[in-house]
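Input: a single structure, listed below in structure tokens.
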Amino acid sequence: MNYRITHSTAYHYSQAVGLCQNEARLRPREFWRQQCLSSEFQVTPAATDFYERTDYFGNQVTYFAVQKMHTQLVVTVTSDVAVYPRPEPDDNGQQTAWEHVRGQLQEGYAQTPQLSRELLDARYCVLDSPMAANSPVLAEYAGLSFQPGRPLLEVVRDLMQRIYRDFTYDPCFTTIATPLSEVMAHRRGVCQDFAHLAIACLRSFGLAARYVSGYVETAPQAGVPRLVGADASHAWFSVYIPGIGWVDFDPTNNKLPFDQHITLAWGRDFADVTPLKGIAFGGGQHSLSVSVDVMRLT
Amino acid sequence: MTTANASVTAPETQATGGIGVQHYATRLGSYDEMLASEQKMLPYWAQFIKTLEEMGSEALDSRRHEAQRLLRENGVTYNVYGDGQKLARPWRLDPIPLLISNEEWTVIEAGLKQRAKLLDLILKDIYGKQALLKKGLLPCELVFAHQGFLHACMGTIPRRGKQLSVYAANLVRGAKGQLWVLNDRTQAPSGSGYALENRAVMMRILPDILRETRVNRLSGFFNIFSQRLASMALHNKDNPRVVVLTPGPYNETYFEHAYLASYLGYTLVQGDDLAVRDGYVWLKSLAGLQPVDVILRRVDDDFCDPLSLRNDSRLGVPGLLEAVRRGNVAVVNPLGSSLLENPALLAFLPSLAQHFLGKDLILPSVATWWCGQKRERDFVLANLDKLIIKHINRRQANDLIFGNELSSAEKDRLRAAILAKPHWYVGQEQFSFSTIPAFIDHHIEPRNAVLRAFVVADDDGYQVMPGGLTRVPRDKEGVVVSNQVGGISKDTWVLAGKTEPTPPRTTRLNRPLILNPIPEALTSRAADHLFWVGRYVERIDCTARLLRTILAKYRTSQEYKDDLDDHCLAVLLQAFNHVTGSRLALANGLSASPQNLLADLLVSVKDAKKTGSLSANIQAWNYAAFSVRDLWSQDTWRSVDSIQHRWQPRAMTGIEPLQTSLDELITGIVAFTGLINESMTREAGWLLLDSGRRLERALLLVALLRSSLQVKHGQALLQQVVEAVLVATDSFSVYQRRYRAVMQLPLLLELLLFDPSHPRSVAYQLQHLSGHIAGLPRETGKSRLSVEERLILKAYTDVRLGSADEVLATNEEAWGYDKLGWLLDSTRQLLWQIANEVAQAYFNHAQTAQVVSIKTLAEDEL
């Protein structure tokens, strides 16, 4: 499936900003299930220093600076992306018990003389990260899904379903800074909280889980015209199964992403893949508005 | 702890007055630096101790005092966190150094060089190919779980050449005399500056002994250090600009940052003195942006760049990592180096030494078991009693857990914590310390010793400072040597071998001498502080002089009970309130009782919490001066210290001690301003400092004249007030010499307001301020006057065009001199505008950076 994504972020400042530096992870990354056909970056006022690189996780990072006085900054990225449907894992992978996966992650050295990059990255994602650290409360919550001998895919599907069922989607309740303990205590949050929650749960059982930032295509209701720009960023998580690779789960929608999820970047948690962060000198008060449009190309 | 009987074979000692060698009682089973393990004094100690014995306890104690005085006067301090009362705590130095024989030092030196080399290789591998992790030579959890591993730094550390430029290790000695490395300091090792200063002080207090003992000099190390920093420059190699990045005056080792910057000749900067533009790092100086090539940083890794690392950091430079990544600036040590401080790494160094170097470690580490491995974890859990447990991430200065000190419930909790996140913990052997004689209460006593040694890279490899920083705890059984908890430092004497000691510091021969000196790169922050040093100094001076005049008048009024004195006193007190912003209760002139008045005055002098009090101004002045510590000459700093040191509000209990203190204060201030004028080059720094002085002096003078003389007084009172104002402005004798007349208002105004040749007049201040402002760096190519130039021109012209006759012209019924009031008010307003304009134009660093990013992430459901 092909999509055109227009992601626009506008900052308004009460006082002029003389210099701002930014790091964006707004170009969709390429991997076996996704191809980025084109991606255009537009910064107003024009960026004077524009540099691109790949980060530790392989994401596309854009560094840019605006070095003249401005009171408004608009960053718009328009990307055309081809997403290929997720293949069903073969029977072998389907049946791998979670304890077995944990063992494989822990004893990687015994099996091969040299760890692959993939396994090294997976082991990084077993450990706590600043925004997705495990705790006894989370482990206890997750525990219900972890029956002995249960295949990992089933465990994660069950965990995703429970999060979907037990937690209320509430955009007013949390911010980026809300800790997981609070999300857990009030059973409310948004997509990034649910993703962090699931990641921390899996990590508390010694499994590798990572955070995926991206977009999801929203289907308009029948008869209602599609609203341009009404979409938003999305986030979900991915779990590692040796032999199969990373498998995505969307706890906000209780779905295994098939071909409607467009991936921007992945990392240990939100902090690793923040779509756009910046430091402005001056500026006084600032406000920010984001608009995202995901359009299916036919 | 058991005490061994002191069967010390001491040299011939005097019966009395010695330093107590015969009573030196070492601890059973521990190694002593002086006696080794056989309780027989080592030969190289014997000579040294004999000299001290001959010198005697009293003499040595006075040398110790002398050392403390020197350290204090040189401003050698160590800031203690959470000590709100005093910013800086004096550094303590014990007069007895640690002596290390040349033979032993050769081993230590080789061991440290090897270790530095090994750590450098590990660092480059982890931020590069990660072959160690892939091959399992280092478990990846050990690296990933340590907060020093910053994935943003991946690929930013070049593979070629040594990247770990500076390194320090803490060494302890076991019971049998063997040396262990306790821990490694790699991101921004501190202490070398203190070691250097310790040596400088030892040279002052024990010059003969130091000379006779043939001790290796330290300066060569710093020579290599500065060459190393210069050689790190990636551009501009001929004349690189090196800056020292400090977290600021509140940091515990701020003294050292300023000291090293000044010793090595670099600019001391804080994060917001630097900016990244076009991928390069720039120094925001008064003369505009100046490129920076090398940053010696004393800010921790993750605080260095709020854009790529911790975004709550206010100490860093946004975009710094980007500049590093593009190869435009070198940071020493490279960002990410703190991963080498992971204590779990100690357990793997022997095998890594084999892997990289094919050799055993020359200097072993304290035995360490990382709980991320099953066998090691089981061992630690089974031996909690015998071990020290550490979290691999250093969170507080001293988060060591001594297993044997835990209750069984605490042990259970610790076990559970280890089992929950085993990779976070290490167990370490409860290492023993060697003891060393310390001079405590007039005699020597053994104290546990830790030696910090310093290493720097050069072209060929690594060089070790032939010396170091030895630290001992204050208490006999203490194990924590940090100055934070009252530890005492010692000089470390590495005895020269058969070859000559290191040659003294020389100029670099491989580069042509640069005759065009680098223009003074004064950061706008430093400029701001200098300006305020000038302003505060005048506030202190003016307040002190006015107070002195008030106290004299108070005494007269108490003595003679003359109404006129009382009235004059009331005028002066009102002026005091007006000038200093104090709020002395003066509702009805002098209706308050004299006792109350005196008490009020004392509060307004002593209470540092009251704005405008002398104590508050002295504190603010001291802080501003401390913030640019690197810019003062030694003598100037000594005068700063002496003012601060002599100002003892507690002793000011009545008029007399207060008067004495004020006299001393004024003398101190005069010495300080004199030293400034004698030692500072007439560049931007001095111009701003003196502008601050001129501006403030003019403002205070205007306030004094406005509040005391704008109102008409009766003839008799007027004479008294005129005299008092002349005294308070140090102009009385000038007046008498010049006019030989009774006190008259027009003559006073001629002298204090209009006469540009009198250094205490308003006209003089404005004239000089005008010259200074014209001399400050500004954007070139502008023929028009700047705003502040225009303002000062107006202020100066208004005053120059005025005359006493004119401003005093008034009709009989008027209660005051309106025209004088107008002139003073307009001058005051212009001065305030000038202060604002100068701040805008030159101190613009205050524009703060803020993080802008999404606070919430809301999205539609599918």
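Identifiers in this document derive from the order of the structure tokens: chains are assigned A, B, ..., residues are numbered from 1 separately in each chain, and ligands are numbered from 1 in order of occurrence.
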
**Asked** Given a cut-off of 6 Å, which residues of chain A touch chain B, counting only C-alpha atoms, written out as a ChimeraX atom specification?
**Response** /A:49,114-115,171,175-176,218,232,277-282

**Request:** List the neighbours of A:His70 out to 6 Å using only C-alpha atoms; skip same-chain residues closer than 2 positions along the sequence, and give me the result as a ChimeraX atom specification.
**Result:** /A:16-17,72

**Request:** For stretch 379-385 of chain B, list every protein, DNA or RNA residue within 7 Å, evaluated using only C-alpha atoms, and leave out those in the same chain fewer than 6 positions away; present the list as number ranges by chain.
**Result:** B: 403-404, 415, 427

Store the residues of this selection in a file with C-alpha atoms, as an mmCIF file, in the first residue's frame.
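Printed below is selection_16.cif as written:
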```cif
data_model
loop_
_atom_site.group_PDB
_atom_site.id
_atom_site.type_symbol
_atom_site.label_atom_id
_atom_site.label_comp_id
_atom_site.auth_asym_id
_atom_site.auth_seq_id
_atom_site.Cartn_x
_atom_site.Cartn_y
_atom_site.Cartn_z
ATOM 1 C CA GLY B 403 27.915 -5.877 53.470
ATOM 2 C CA ASN B 404 29.040 -6.510 57.035
ATOM 3 C CA ARG B 415 19.798 -9.610 47.730
ATOM 4 C CA GLY B 427 30.763 -6.873 44.653
#
```

**Message:** Could you pull out the strand (DSSP E or B) residues of stretch 80-248 of chain A, going by DSSP on the backbone, and write them as JSON, numbers by chain?
**Reply:** {"A": [80, 81, 82, 83, 97, 129, 132, 151, 168, 169, 188, 189, 209, 210, 211, 212, 213, 214, 215, 216, 230, 231, 233, 234, 235, 236, 237, 238, 239, 240, 241, 245, 246, 247, 248]}

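Between B:Gly29 and the candidates B:Val480, B:Val455, B:Ala344, B:Ser432, the tightest atom-to-atom separation, counting only C-alpha atoms, involves B:Ser432.
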
**Request:** Name all residues at most 12 Å from A:Asn59 (count only C-alpha atoms; drop same-chain ones fewer than 3 positions away) and give them as a PyMOL selection string.
**Result:** (chain A and resi 23-31+52-56+62+212-214+263-267+272-275) or (chain B and resi 152)

**Item:** Picked from stretch 34-226 of chain A by DSSP as helix (DSSP H, G or I), as number ranges by chain
**Value:** A: 91-95, 98-106, 108-111, 117-124, 136-143, 152-166, 180-186, 191-204

**Atomic distance atom CA of B:Arg64 - atom CA of B:Asp441, expressed in Å with one decimal** = 10.8 Å

**Asked** With only C-alpha atoms as the basis for distance, which of B:Asn577, B:Gln114, B:Thr797, B:Ser613 is at the shortest distance from B:Ser707?
**Response**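 Looking at the shortest contact to B:Ser707, the residue is B:Asn577.
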
**Nearest candidate to B:Leu179 (options B:Val107, B:Leu387, B:Leu340, B:Met652; using only C-alpha atoms)** =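 Using only C-alpha atoms, the shortest distance to B:Leu179 belongs to B:Val107.
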
**A:Tyr169 environment, 6 Å, only C-alpha atoms, sequence neighbours closer than 6 positions dropped, as a list in words** = Arg188, Gly189 and Val190 of chain A

**Prompt:** Taking into account only C-alpha atoms, which residue in the set B:Asp541, B:Asp563, B:Asp825, B:Asp125 is nearest to B:Thr667?
**Reply:**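 Checking each candidate against B:Thr667, we get B:Asp541 as the closest.
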
**Request:** Find the spatial neighbours of stretch 185-201 of chain B, counting only C-alpha atoms, within a cut-off of 6 Å - ignore same-chain residues fewer than 5 positions away - and output them as a PyMOL selection string.
**Result:** chain B and resi 167-169+256+298+333+337-338+341+468-469+491

Put those residues in a file: N, CA and C atoms, as an mmCIF file, in the first residue's frame.
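What follows is the written file selection36.cif:
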```
data_model
loop_
_atom_site.group_PDB
_atom_site.id
_atom_site.type_symbol
_atom_site.label_atom_id
_atom_site.label_comp_id
_atom_site.auth_asym_id
_atom_site.auth_seq_id
_atom_site.Cartn_x
_atom_site.Cartn_y
_atom_site.Cartn_z
ATOM 1 N N TYR B 167 43.561 11.159 32.109
ATOM 2 C CA TYR B 167 43.080 10.001 32.860
ATOM 3 C C TYR B 167 43.625 10.115 34.278
ATOM 4 N N ALA B 168 42.829 9.688 35.250
ATOM 5 C CA ALA B 168 43.315 9.658 36.628
ATOM 6 C C ALA B 168 42.877 8.351 37.266
ATOM 7 N N ALA B 169 43.677 7.844 38.183
ATOM 8 C CA ALA B 169 43.329 6.615 38.880
ATOM 9 C C ALA B 169 43.540 6.819 40.376
ATOM 10 N N GLU B 256 39.677 24.755 40.740
ATOM 11 C CA GLU B 256 40.644 24.105 39.864
ATOM 12 C C GLU B 256 40.410 24.479 38.395
ATOM 13 N N ARG B 298 34.972 20.212 31.985
ATOM 14 C CA ARG B 298 34.820 19.691 33.320
ATOM 15 C C ARG B 298 33.347 19.506 33.623
ATOM 16 N N ASN B 333 38.040 14.962 27.793
ATOM 17 C CA ASN B 333 37.996 13.747 27.016
ATOM 18 C C ASN B 333 36.736 13.685 26.173
ATOM 19 N N SER B 337 33.051 9.218 27.406
ATOM 20 C CA SER B 337 34.157 8.549 28.106
ATOM 21 C C SER B 337 33.783 8.011 29.479
ATOM 22 N N SER B 338 32.684 8.486 30.036
ATOM 23 C CA SER B 338 32.392 8.050 31.396
ATOM 24 C C SER B 338 32.041 6.563 31.448
ATOM 25 N N GLU B 341 34.259 4.518 33.517
ATOM 26 C CA GLU B 341 34.248 4.609 34.979
ATOM 27 C C GLU B 341 33.360 3.540 35.603
ATOM 28 N N GLY B 468 51.263 13.527 42.560
ATOM 29 C CA GLY B 468 49.844 13.236 42.566
ATOM 30 C C GLY B 468 49.187 13.876 43.761
ATOM 31 N N LEU B 469 47.962 13.495 43.941
ATOM 32 C CA LEU B 469 47.192 14.063 45.034
ATOM 33 C C LEU B 469 46.921 12.948 46.042
ATOM 34 N N ASP B 491 50.813 16.533 49.647
ATOM 35 C CA ASP B 491 51.618 16.531 48.443
ATOM 36 C C ASP B 491 52.195 15.119 48.278
#
```

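Distance-wise, atom CA of A:Phe167 and atom CA of A:Phe237 end up 16.2 Å apart.
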
**Item:** Counting only C-alpha atoms, the option among B:Leu112, B:Val807, B:Leu315, B:Leu296 closest to B:Pro466
**Value:**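 Among the listed residues, the smallest separation from B:Pro466 belongs to B:Leu112.
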